[in-house]
Amino acid sequence: MRSSNFLYSSSPSQSVMSKLNFIVPIKEVPDIENVKFDREKGRIDRSSAEAEPNPFDLNALEEAVKIKEEIGGKITVLSMGPSQAEKTLREALSRGADEAVLLTDKNFAGSDTWATSYTLAMAIKKIGNYDLILCGEKSVDGDTGQVGPEISEILNIPHVAFVNEVTDRDENSISVKSETWSRSYLRKVDFPGLITVTKDVNEPRLPSLSDKLKAKKAEIEIWGVSDLEEFAEEVNYGGTGSPTAVVNIEVPEEKGRKSKIFEGETKEAVERLLTSLEKDVGGL
Ligand SMILES: Cc1cc2nc3c(=O)[nH]c(=O)nc-3n(C[C@H](O)[C@H](O)[C@H](O)COP(=O)(O)OP(=O)(O)OC[C@H]3O[C@@H](n4cnc5c(N)ncnc54)[C@H](O)[C@@H]3O)c2cc1C
């Protein structure tokens, strides 16, 4: 057992429980239903919609809370973003996280997925003694699904992506069901490990009013480049540390659907429909 797994009594009513350290990286994203795209600048206009926690990350947090309720532990939520992302971390605290860290620094700006994963991984190293990292399967804005697996590569720990059910857990490992390429896999991950979860894994509970009020007053750790210097090399941050760059983003023109009604006898109408389709798509 790793040194992070020690025994403690969490409350008089609970027997001796193991203390695991869970880390949940949470991205703040714009409300995707309402956000607009700035065609001139070629990027999302973040001022056009409210920001909120990435929905998949709430599933990851809920799963951490469920495991914590069963076997004990501490949940640290971690976000890289502008200072406004504090709001998302407070929401996570109201939903059961114990501690929150915000990574914010102008040198983190312009990060691609690799630089994002590197920065998050270095912060996780600084937090230290982690057992299980739980990410969303993807973000609803960037939508690459790369950050979770990349964090595990950088930390050199095992990961399972697209987890839709946690079948078992104990102080040393977690057993999960994951759905990839239309197949279902049962996997056991020894700690320290990482999973990314789908929306099917659980139904996140809503925070109570008193939890919301408590979270409002909670302290959030703010870390920048200087806080990570023991673990990270500055050259790997932001645009400088990004092996990829966005050249241009275009939104495809919306094409309205064409509708046509073919009236008359069914056989005749179907024949005319087929002729019309043949003309439109150049043969069936
Ligand atoms: C080439 C390129 C250039 C980019 N340049 C910029 C830029 O200049 N400015 C900019 O703002 N963005 C930029 N981005 C977007 C930025 O890299 C992504 O927002 C970020 O890497 C997360 O990727 P994703 O949204 O695809 O996350 P995914 O990989 O889909 O997310 C999976 C999971 O990882 C975790 N996660 C992801 N991001 C974070 C985060 N920030 N904090 C905590 N947890 C997280 C969450 O658990 C999430 O569910 C760029 C992306 C690319 C590809």
# chains A, B, ... in the order shown; residues from 1 in each chain; ligands from 1

call {"tool": "residues_around", "arguments": {"residues": "Pro55 of chain A", "least_positions_apart": "4", "cutoff": "10 Å", "atoms": "only C-alpha atoms", "output": "ChimeraX atom specification"}}
result
/A:26-29,31,59-60,136,138-140,198-199,204

call {"tool": "residues_near_ligand", "arguments": {"ligand": "ligand 1", "cutoff": "9 Å", "atoms": "only C-alpha atoms and all ligand atoms", "output": "tab-separated table (two decimals) with N, CA, C and O atoms, in the first residue's frame"}}
result
chain	number	residue	atom	x	y	z
A	24	VAL	N	-10.08	15.61	-8.99
A	24	VAL	CA	-11.02	15.74	-10.11
A	24	VAL	C	-10.70	17.03	-10.87
A	24	VAL	O	-10.98	18.13	-10.39
A	25	PRO	N	-10.08	16.92	-12.07
A	25	PRO	CA	-9.86	18.11	-12.88
A	25	PRO	C	-11.18	18.56	-13.52
A	25	PRO	O	-11.89	17.76	-14.12
A	26	ILE	N	-11.51	19.84	-13.33
A	26	ILE	CA	-12.79	20.34	-13.84
A	26	ILE	C	-12.55	21.54	-14.73
A	26	ILE	O	-11.88	22.50	-14.35
A	27	LYS	N	-13.10	21.49	-15.92
A	27	LYS	CA	-12.94	22.61	-16.85
A	27	LYS	C	-14.18	23.49	-16.81
A	27	LYS	O	-15.30	22.98	-16.80
A	28	GLU	N	-13.95	24.82	-16.79
A	28	GLU	CA	-15.11	25.72	-16.90
A	28	GLU	C	-15.38	25.93	-18.39
A	28	GLU	O	-14.46	26.26	-19.15
A	29	VAL	N	-16.62	25.72	-18.78
A	29	VAL	CA	-16.99	25.83	-20.21
A	29	VAL	C	-18.16	26.79	-20.37
A	29	VAL	O	-18.91	27.02	-19.42
A	54	ASN	N	-17.92	21.91	-16.78
A	54	ASN	CA	-18.15	20.94	-17.86
A	54	ASN	C	-19.03	19.81	-17.33
A	54	ASN	O	-18.71	19.18	-16.32
A	55	PRO	N	-20.20	19.54	-17.96
A	55	PRO	CA	-21.15	18.57	-17.41
A	55	PRO	C	-20.54	17.19	-17.09
A	55	PRO	O	-20.85	16.60	-16.07
A	56	PHE	N	-19.65	16.68	-17.95
A	56	PHE	CA	-19.05	15.36	-17.70
A	56	PHE	C	-18.20	15.38	-16.42
A	56	PHE	O	-18.06	14.35	-15.75
A	57	ASP	N	-17.66	16.56	-16.10
A	57	ASP	CA	-16.80	16.66	-14.91
A	57	ASP	C	-17.63	16.56	-13.63
A	57	ASP	O	-17.14	16.14	-12.58
A	58	LEU	N	-18.92	16.94	-13.74
A	58	LEU	CA	-19.80	16.77	-12.58
A	58	LEU	C	-20.08	15.29	-12.33
A	58	LEU	O	-20.24	14.86	-11.19
A	60	ALA	N	-17.82	13.01	-12.97
A	60	ALA	CA	-16.56	12.54	-12.37
A	60	ALA	C	-16.54	12.88	-10.88
A	60	ALA	O	-16.19	12.04	-10.04
A	77	VAL	N	-10.49	19.32	-6.12
A	77	VAL	CA	-10.84	19.68	-7.50
A	77	VAL	C	-9.82	20.68	-8.01
A	77	VAL	O	-9.29	21.50	-7.25
A	78	LEU	N	-9.56	20.60	-9.32
A	78	LEU	CA	-8.46	21.35	-9.91
A	78	LEU	C	-8.91	21.90	-11.25
A	78	LEU	O	-9.48	21.15	-12.06
A	79	SER	N	-8.71	23.19	-11.45
A	79	SER	CA	-9.09	23.75	-12.75
A	79	SER	C	-8.01	24.67	-13.27
A	79	SER	O	-7.39	25.40	-12.49
A	80	MET	N	-7.77	24.65	-14.56
A	80	MET	CA	-6.88	25.63	-15.18
A	80	MET	C	-7.74	26.56	-16.01
A	80	MET	O	-8.51	26.11	-16.85
A	81	GLY	N	-7.62	27.85	-15.74
A	81	GLY	CA	-8.45	28.80	-16.47
A	81	GLY	C	-8.29	30.19	-15.90
A	81	GLY	O	-7.48	30.41	-14.99
A	82	PRO	N	-9.07	31.14	-16.41
A	82	PRO	CA	-9.00	32.50	-15.87
A	82	PRO	C	-9.57	32.55	-14.44
A	82	PRO	O	-10.21	31.59	-14.00
A	102	LEU	N	-7.02	26.48	-8.15
A	102	LEU	CA	-7.17	27.11	-9.46
A	102	LEU	C	-5.79	27.44	-10.02
A	102	LEU	O	-4.98	28.09	-9.37
A	103	LEU	N	-5.54	26.96	-11.24
A	103	LEU	CA	-4.27	27.25	-11.92
A	103	LEU	C	-4.51	28.41	-12.86
A	103	LEU	O	-5.24	28.27	-13.85
A	108	PHE	N	0.10	30.46	-18.85
A	108	PHE	CA	-0.64	29.24	-19.22
A	108	PHE	C	-1.51	29.48	-20.46
A	108	PHE	O	-2.06	28.54	-21.03
A	109	ALA	N	-1.67	30.76	-20.85
A	109	ALA	CA	-2.57	31.09	-21.96
A	109	ALA	C	-2.07	30.49	-23.28
A	109	ALA	O	-0.86	30.35	-23.47
A	110	GLY	N	-2.99	30.14	-24.15
A	110	GLY	CA	-2.64	29.62	-25.48
A	110	GLY	C	-2.26	28.15	-25.46
A	110	GLY	O	-1.71	27.63	-26.43
A	111	SER	N	-2.56	27.45	-24.35
A	111	SER	CA	-2.20	26.03	-24.24
A	111	SER	C	-3.05	25.17	-25.18
A	111	SER	O	-4.27	25.33	-25.24
A	112	ASP	N	-2.41	24.25	-25.88
A	112	ASP	CA	-3.18	23.23	-26.58
A	112	ASP	C	-3.44	22.09	-25.58
A	112	ASP	O	-3.17	22.24	-24.38
A	113	THR	N	-3.96	20.97	-26.04
A	113	THR	CA	-4.34	19.94	-25.06
A	113	THR	C	-3.11	19.39	-24.32
A	113	THR	O	-3.17	19.07	-23.14
A	114	TRP	N	-1.97	19.29	-25.03
A	114	TRP	CA	-0.78	18.74	-24.39
A	114	TRP	C	-0.29	19.68	-23.27
A	114	TRP	O	-0.01	19.23	-22.15
A	115	ALA	N	-0.19	20.98	-23.58
A	115	ALA	CA	0.29	21.94	-22.56
A	115	ALA	C	-0.71	22.01	-21.39
A	115	ALA	O	-0.30	22.15	-20.23
A	116	THR	N	-2.00	21.89	-21.70
A	116	THR	CA	-3.02	21.87	-20.64
A	116	THR	C	-2.78	20.65	-19.74
A	116	THR	O	-2.75	20.76	-18.50
A	117	SER	N	-2.60	19.49	-20.36
A	117	SER	CA	-2.41	18.25	-19.60
A	117	SER	C	-1.12	18.33	-18.78
A	117	SER	O	-1.08	17.89	-17.62
A	120	LEU	N	-1.74	20.60	-15.75
A	120	LEU	CA	-2.58	19.92	-14.75
A	120	LEU	C	-1.78	18.81	-14.06
A	120	LEU	O	-1.85	18.65	-12.83
A	134	LEU	N	-10.07	11.46	-11.48
A	134	LEU	CA	-11.31	11.21	-12.24
A	134	LEU	C	-11.58	12.41	-13.14
A	134	LEU	O	-11.78	13.53	-12.65
A	135	CYS	N	-11.57	12.19	-14.47
A	135	CYS	CA	-11.84	13.26	-15.43
A	135	CYS	C	-13.16	12.98	-16.13
A	135	CYS	O	-13.64	11.85	-16.12
A	136	GLY	N	-13.69	14.01	-16.79
A	136	GLY	CA	-14.81	13.78	-17.68
A	136	GLY	C	-14.27	13.10	-18.93
A	136	GLY	O	-13.08	13.20	-19.22
A	137	GLU	N	-15.15	12.44	-19.70
A	137	GLU	CA	-14.65	11.80	-20.94
A	137	GLU	C	-14.18	12.84	-21.94
A	137	GLU	O	-13.29	12.59	-22.75
A	138	LYS	N	-14.78	14.04	-21.89
A	138	LYS	CA	-14.41	15.13	-22.81
A	138	LYS	C	-15.03	16.42	-22.30
A	138	LYS	O	-15.88	16.40	-21.41
A	139	SER	N	-14.60	17.53	-22.90
A	139	SER	CA	-15.26	18.79	-22.56
A	139	SER	C	-16.31	19.06	-23.64
A	139	SER	O	-16.16	18.57	-24.77
A	140	VAL	N	-17.33	19.86	-23.31
A	140	VAL	CA	-18.36	20.10	-24.32
A	140	VAL	C	-17.96	21.22	-25.29
A	140	VAL	O	-18.61	21.41	-26.30
A	141	ASP	N	-16.86	21.94	-24.99
A	141	ASP	CA	-16.43	22.96	-25.97
A	141	ASP	C	-15.25	22.47	-26.83
A	141	ASP	O	-15.34	22.37	-28.03
A	142	GLY	N	-14.14	22.10	-26.20
A	142	GLY	CA	-12.98	21.60	-26.96
A	142	GLY	C	-13.25	20.22	-27.55
A	142	GLY	O	-12.91	19.93	-28.69
A	143	ASP	N	-13.88	19.36	-26.72
A	143	ASP	CA	-14.43	18.08	-27.21
A	143	ASP	C	-13.38	17.09	-27.72
A	143	ASP	O	-13.70	16.21	-28.52
A	144	THR	N	-12.10	17.21	-27.31
A	144	THR	CA	-11.10	16.28	-27.86
A	144	THR	C	-11.03	14.97	-27.09
A	144	THR	O	-10.64	13.95	-27.64
A	145	GLY	N	-11.33	15.01	-25.78
A	145	GLY	CA	-11.19	13.81	-24.95
A	145	GLY	C	-9.74	13.41	-24.75
A	145	GLY	O	-9.44	12.27	-24.41
A	146	GLN	N	-8.82	14.34	-24.98
A	146	GLN	CA	-7.39	14.00	-24.91
A	146	GLN	C	-6.78	14.24	-23.53
A	146	GLN	O	-5.80	13.57	-23.15
A	147	VAL	N	-7.31	15.20	-22.79
A	147	VAL	CA	-6.62	15.66	-21.58
A	147	VAL	C	-6.48	14.56	-20.52
A	147	VAL	O	-5.39	14.38	-19.97
A	148	GLY	N	-7.56	13.81	-20.25
A	148	GLY	CA	-7.45	12.74	-19.24
A	148	GLY	C	-6.33	11.76	-19.55
A	148	GLY	O	-5.38	11.60	-18.77
A	149	PRO	N	-6.40	11.08	-20.73
A	149	PRO	CA	-5.34	10.12	-21.08
A	149	PRO	C	-3.95	10.77	-21.11
A	149	PRO	O	-2.97	10.14	-20.73
A	150	GLU	N	-3.86	12.02	-21.56
A	150	GLU	CA	-2.54	12.68	-21.60
A	150	GLU	C	-1.98	12.89	-20.18
A	150	GLU	O	-0.78	12.70	-19.95
A	151	ILE	N	-2.85	13.26	-19.25
A	151	ILE	CA	-2.38	13.43	-17.85
A	151	ILE	C	-1.78	12.11	-17.36
A	151	ILE	O	-0.72	12.07	-16.74
A	196	THR	N	-11.60	8.19	-17.04
A	196	THR	CA	-12.46	9.26	-17.56
A	196	THR	C	-13.87	8.68	-17.65
A	196	THR	O	-14.04	7.52	-18.03
A	197	VAL	N	-14.86	9.46	-17.26
A	197	VAL	CA	-16.22	8.90	-17.14
A	197	VAL	C	-17.19	9.51	-18.15
A	197	VAL	O	-17.05	10.65	-18.57
A	238	GLY	N	1.71	26.93	-21.85
A	238	GLY	CA	1.05	27.83	-22.80
A	238	GLY	C	1.39	27.56	-24.25
A	238	GLY	O	1.70	26.44	-24.64
A	239	GLY	N	1.37	28.65	-25.05
A	239	GLY	CA	1.65	28.54	-26.48
A	239	GLY	C	3.04	27.97	-26.75
A	239	GLY	O	3.21	27.14	-27.65
A	242	SER	N	3.16	24.26	-26.51
A	242	SER	CA	2.13	23.56	-27.30
A	242	SER	C	2.68	23.08	-28.63
A	242	SER	O	3.09	23.90	-29.46
A	243	PRO	N	2.69	21.77	-28.87
A	243	PRO	CA	3.19	21.29	-30.17
A	243	PRO	C	2.24	21.59	-31.32
A	243	PRO	O	2.62	21.47	-32.48
A	244	THR	N	0.99	21.97	-31.02
A	244	THR	CA	0.04	22.26	-32.10
A	244	THR	C	-0.46	23.70	-31.97
A	244	THR	O	-0.39	24.29	-30.89
A	245	ALA	N	-0.94	24.25	-33.07
A	245	ALA	CA	-1.52	25.60	-33.03
A	245	ALA	C	-2.73	25.64	-33.95
A	245	ALA	O	-2.75	24.97	-34.99
A	246	VAL	N	-3.73	26.41	-33.54
A	246	VAL	CA	-4.92	26.52	-34.39
A	246	VAL	C	-4.63	27.53	-35.50
A	246	VAL	O	-4.24	28.66	-35.22
A	247	VAL	N	-4.76	27.10	-36.75
A	247	VAL	CA	-4.49	28.00	-37.88
A	247	VAL	C	-5.74	28.81	-38.19
A	247	VAL	O	-5.71	30.01	-38.35

call {"tool": "select_by_dssp", "arguments": {"residues": "segment 29-121 of chain A", "states": "alpha helix (DSSP H)", "output": "JSON, numbers by chain"}}
result
{"A": [55, 56, 57, 58, 59, 60, 61, 62, 63, 64, 65, 66, 67, 68, 69, 70, 71, 86, 87, 88, 89, 90, 91, 92, 93, 94, 113, 114, 115, 116, 117, 118, 119, 120, 121]}

call {"tool": "write_last_selection", "arguments": {"atoms": "N, CA and C atoms", "output": "compact mmCIF listing (two decimals), in the first residue's frame"}}
result
# COMPACT_ATOMS: atom_id res chain seq x y z
N PRO A 55 -20.20 19.54 -17.96
CA PRO A 55 -21.15 18.57 -17.41
C PRO A 55 -20.54 17.19 -17.09
N PHE A 56 -19.65 16.68 -17.95
CA PHE A 56 -19.05 15.36 -17.70
C PHE A 56 -18.20 15.38 -16.42
N ASP A 57 -17.66 16.56 -16.10
CA ASP A 57 -16.80 16.66 -14.91
C ASP A 57 -17.63 16.56 -13.63
N LEU A 58 -18.92 16.94 -13.74
CA LEU A 58 -19.80 16.77 -12.58
C LEU A 58 -20.08 15.29 -12.33
N ASN A 59 -20.11 14.51 -13.42
CA ASN A 59 -20.24 13.05 -13.24
C ASN A 59 -18.99 12.49 -12.57
N ALA A 60 -17.82 13.01 -12.97
CA ALA A 60 -16.56 12.54 -12.37
C ALA A 60 -16.54 12.88 -10.88
N LEU A 61 -16.98 14.10 -10.56
CA LEU A 61 -17.00 14.52 -9.16
C LEU A 61 -17.99 13.66 -8.35
N GLU A 62 -19.18 13.44 -8.93
CA GLU A 62 -20.19 12.63 -8.23
C GLU A 62 -19.65 11.24 -7.93
N GLU A 63 -18.91 10.66 -8.89
CA GLU A 63 -18.38 9.31 -8.66
C GLU A 63 -17.36 9.34 -7.53
N ALA A 64 -16.53 10.39 -7.50
CA ALA A 64 -15.55 10.52 -6.40
C ALA A 64 -16.29 10.64 -5.07
N VAL A 65 -17.36 11.42 -5.05
CA VAL A 65 -18.12 11.61 -3.80
C VAL A 65 -18.72 10.27 -3.34
N LYS A 66 -19.24 9.50 -4.32
CA LYS A 66 -19.84 8.20 -3.97
C LYS A 66 -18.80 7.26 -3.36
N ILE A 67 -17.60 7.23 -3.98
CA ILE A 67 -16.56 6.32 -3.46
C ILE A 67 -16.12 6.81 -2.08
N LYS A 68 -15.99 8.13 -1.95
CA LYS A 68 -15.59 8.71 -0.65
C LYS A 68 -16.61 8.34 0.44
N GLU A 69 -17.89 8.40 0.09
CA GLU A 69 -18.92 8.05 1.07
C GLU A 69 -18.79 6.59 1.52
N GLU A 70 -18.37 5.73 0.57
CA GLU A 70 -18.27 4.31 0.92
C GLU A 70 -17.00 3.95 1.67
N ILE A 71 -15.85 4.48 1.17
CA ILE A 71 -14.61 4.03 1.80
C ILE A 71 -13.75 5.15 2.37
N GLU A 86 -13.05 30.34 -10.63
CA GLU A 86 -13.30 30.12 -9.20
C GLU A 86 -14.75 29.73 -8.95
N LYS A 87 -15.64 30.31 -9.78
CA LYS A 87 -17.08 30.03 -9.62
C LYS A 87 -17.36 28.53 -9.80
N THR A 88 -16.73 27.97 -10.81
CA THR A 88 -16.90 26.54 -11.09
C THR A 88 -16.36 25.71 -9.93
N LEU A 89 -15.22 26.14 -9.38
CA LEU A 89 -14.64 25.39 -8.27
C LEU A 89 -15.54 25.49 -7.02
N ARG A 90 -16.15 26.65 -6.83
CA ARG A 90 -17.07 26.78 -5.68
C ARG A 90 -18.27 25.85 -5.86
N GLU A 91 -18.74 25.75 -7.08
CA GLU A 91 -19.85 24.82 -7.32
C GLU A 91 -19.43 23.39 -6.98
N ALA A 92 -18.18 23.05 -7.37
CA ALA A 92 -17.67 21.69 -7.08
C ALA A 92 -17.57 21.48 -5.58
N LEU A 93 -17.16 22.52 -4.85
CA LEU A 93 -17.07 22.40 -3.39
C LEU A 93 -18.47 22.17 -2.80
N SER A 94 -19.46 22.85 -3.37
CA SER A 94 -20.82 22.69 -2.85
C SER A 94 -21.37 21.30 -3.16
N THR A 113 -3.96 20.97 -26.04
CA THR A 113 -4.34 19.94 -25.06
C THR A 113 -3.11 19.39 -24.32
N TRP A 114 -1.97 19.29 -25.03
CA TRP A 114 -0.78 18.74 -24.39
C TRP A 114 -0.29 19.68 -23.27
N ALA A 115 -0.19 20.98 -23.58
CA ALA A 115 0.29 21.94 -22.56
C ALA A 115 -0.71 22.01 -21.39
N THR A 116 -2.00 21.89 -21.70
CA THR A 116 -3.02 21.87 -20.64
C THR A 116 -2.78 20.65 -19.74
N SER A 117 -2.60 19.49 -20.36
CA SER A 117 -2.41 18.25 -19.60
C SER A 117 -1.12 18.33 -18.78
N TYR A 118 -0.07 18.90 -19.37
CA TYR A 118 1.21 19.02 -18.67
C TYR A 118 1.02 19.87 -17.41
N THR A 119 0.37 21.01 -17.56
CA THR A 119 0.19 21.93 -16.43
C THR A 119 -0.65 21.27 -15.34
N LEU A 120 -1.74 20.60 -15.75
CA LEU A 120 -2.58 19.92 -14.75
C LEU A 120 -1.78 18.81 -14.06
N ALA A 121 -0.99 18.07 -14.85
CA ALA A 121 -0.21 16.96 -14.27
C ALA A 121 0.83 17.48 -13.26

call {"tool": "residues_around", "arguments": {"residues": "Glu165 of chain A", "least_positions_apart": "4", "cutoff": "7 Å", "atoms": "only C-alpha atoms", "output": "VMD selection string"}}
result
chain A and resid 176 to 177 201

call {"tool": "write_last_selection", "arguments": {"atoms": "N, CA and C atoms", "output": "PDB file, in the first residue's frame"}}
result
ATOM      1  N   VAL A 176     -13.893  -1.223 -13.188  1.00  0.00           N
ATOM      2  CA  VAL A 176     -14.816  -0.397 -13.975  1.00  0.00           C
ATOM      3  C   VAL A 176     -15.237  -1.112 -15.254  1.00  0.00           C
ATOM      4  N   LYS A 177     -16.366  -0.623 -15.794  1.00  0.00           N
ATOM      5  CA  LYS A 177     -16.825  -1.092 -17.091  1.00  0.00           C
ATOM      6  C   LYS A 177     -16.659   0.082 -18.052  1.00  0.00           C
ATOM      7  N   VAL A 201     -22.421   7.093 -16.095  1.00  0.00           N
ATOM      8  CA  VAL A 201     -21.840   6.518 -14.872  1.00  0.00           C
ATOM      9  C   VAL A 201     -22.694   6.818 -13.628  1.00  0.00           C
TER      10      VAL A 201
END

call {"tool": "closest_residue", "arguments": {"among": "A:Leu186, A:Ile249, A:Ile154, A:Leu273", "to": "Ile44 of chain A", "atoms": "only C-alpha atoms"}}
result
A:Ile249

call {"tool": "decode", "arguments": {"residues": "segment 151-160 of chain A", "atoms": "all heavy atoms", "output": "short mmCIF file (atom, residue, chain, number, x, y, z; two decimals), in the first residue's frame"}}
result
data_model
loop_
_atom_site.label_atom_id
_atom_site.label_comp_id
_atom_site.auth_asym_id
_atom_site.auth_seq_id
_atom_site.Cartn_x
_atom_site.Cartn_y
_atom_site.Cartn_z
N ILE A 151 -2.85 13.26 -19.25
CA ILE A 151 -2.38 13.43 -17.85
C ILE A 151 -1.78 12.11 -17.36
O ILE A 151 -0.72 12.07 -16.74
CB ILE A 151 -3.55 13.88 -16.92
CG1 ILE A 151 -4.01 15.29 -17.25
CG2 ILE A 151 -3.13 13.79 -15.45
CD1 ILE A 151 -5.23 15.76 -16.45
N SER A 152 -2.48 11.00 -17.67
CA SER A 152 -1.98 9.70 -17.17
C SER A 152 -0.64 9.35 -17.82
O SER A 152 0.22 8.78 -17.18
CB SER A 152 -3.01 8.59 -17.38
OG SER A 152 -3.02 8.17 -18.72
N GLU A 153 -0.47 9.71 -19.11
CA GLU A 153 0.82 9.46 -19.78
C GLU A 153 1.93 10.25 -19.10
O GLU A 153 3.01 9.75 -18.84
CB GLU A 153 0.73 9.89 -21.26
CG GLU A 153 0.05 8.90 -22.15
CD GLU A 153 0.78 7.57 -22.22
OE1 GLU A 153 2.00 7.57 -22.43
OE2 GLU A 153 0.13 6.53 -22.01
N ILE A 154 1.65 11.53 -18.84
CA ILE A 154 2.68 12.40 -18.25
C ILE A 154 3.05 11.90 -16.84
O ILE A 154 4.21 11.91 -16.45
CB ILE A 154 2.20 13.87 -18.24
CG1 ILE A 154 2.04 14.36 -19.68
CG2 ILE A 154 3.18 14.77 -17.47
CD1 ILE A 154 1.30 15.68 -19.84
N LEU A 155 2.05 11.46 -16.10
CA LEU A 155 2.32 10.98 -14.72
C LEU A 155 2.79 9.52 -14.71
O LEU A 155 3.13 8.99 -13.65
CB LEU A 155 1.06 11.12 -13.85
CG LEU A 155 0.57 12.56 -13.59
CD1 LEU A 155 -0.75 12.54 -12.82
CD2 LEU A 155 1.61 13.38 -12.82
N ASN A 156 2.71 8.89 -15.88
CA ASN A 156 3.11 7.48 -16.00
C ASN A 156 2.30 6.57 -15.07
O ASN A 156 2.85 5.77 -14.31
CB ASN A 156 4.62 7.35 -15.73
CG ASN A 156 5.16 6.04 -16.25
OD1 ASN A 156 4.54 5.42 -17.13
ND2 ASN A 156 6.27 5.59 -15.70
N ILE A 157 0.98 6.74 -15.14
CA ILE A 157 0.06 5.89 -14.36
C ILE A 157 -0.96 5.28 -15.32
O ILE A 157 -1.20 5.84 -16.39
CB ILE A 157 -0.66 6.68 -13.23
CG1 ILE A 157 -1.44 7.88 -13.82
CG2 ILE A 157 0.33 7.15 -12.17
CD1 ILE A 157 -2.33 8.58 -12.81
N PRO A 158 -1.59 4.15 -14.96
CA PRO A 158 -2.58 3.55 -15.87
C PRO A 158 -3.86 4.37 -15.94
O PRO A 158 -4.19 5.10 -15.00
CB PRO A 158 -2.84 2.18 -15.24
CG PRO A 158 -2.48 2.33 -13.81
CD PRO A 158 -1.40 3.37 -13.73
N HIS A 159 -4.58 4.23 -17.07
CA HIS A 159 -5.89 4.88 -17.14
C HIS A 159 -6.88 4.01 -17.91
O HIS A 159 -6.47 3.17 -18.72
CB HIS A 159 -5.79 6.26 -17.81
CG HIS A 159 -5.87 6.22 -19.30
ND1 HIS A 159 -4.75 6.07 -20.09
CD2 HIS A 159 -6.92 6.29 -20.15
CE1 HIS A 159 -5.10 6.07 -21.35
NE2 HIS A 159 -6.42 6.19 -21.43
N VAL A 160 -8.16 4.22 -17.61
CA VAL A 160 -9.23 3.62 -18.42
C VAL A 160 -10.16 4.76 -18.83
O VAL A 160 -10.62 5.53 -17.98
CB VAL A 160 -10.04 2.57 -17.62
CG1 VAL A 160 -11.14 1.99 -18.50
CG2 VAL A 160 -9.15 1.45 -17.13
#
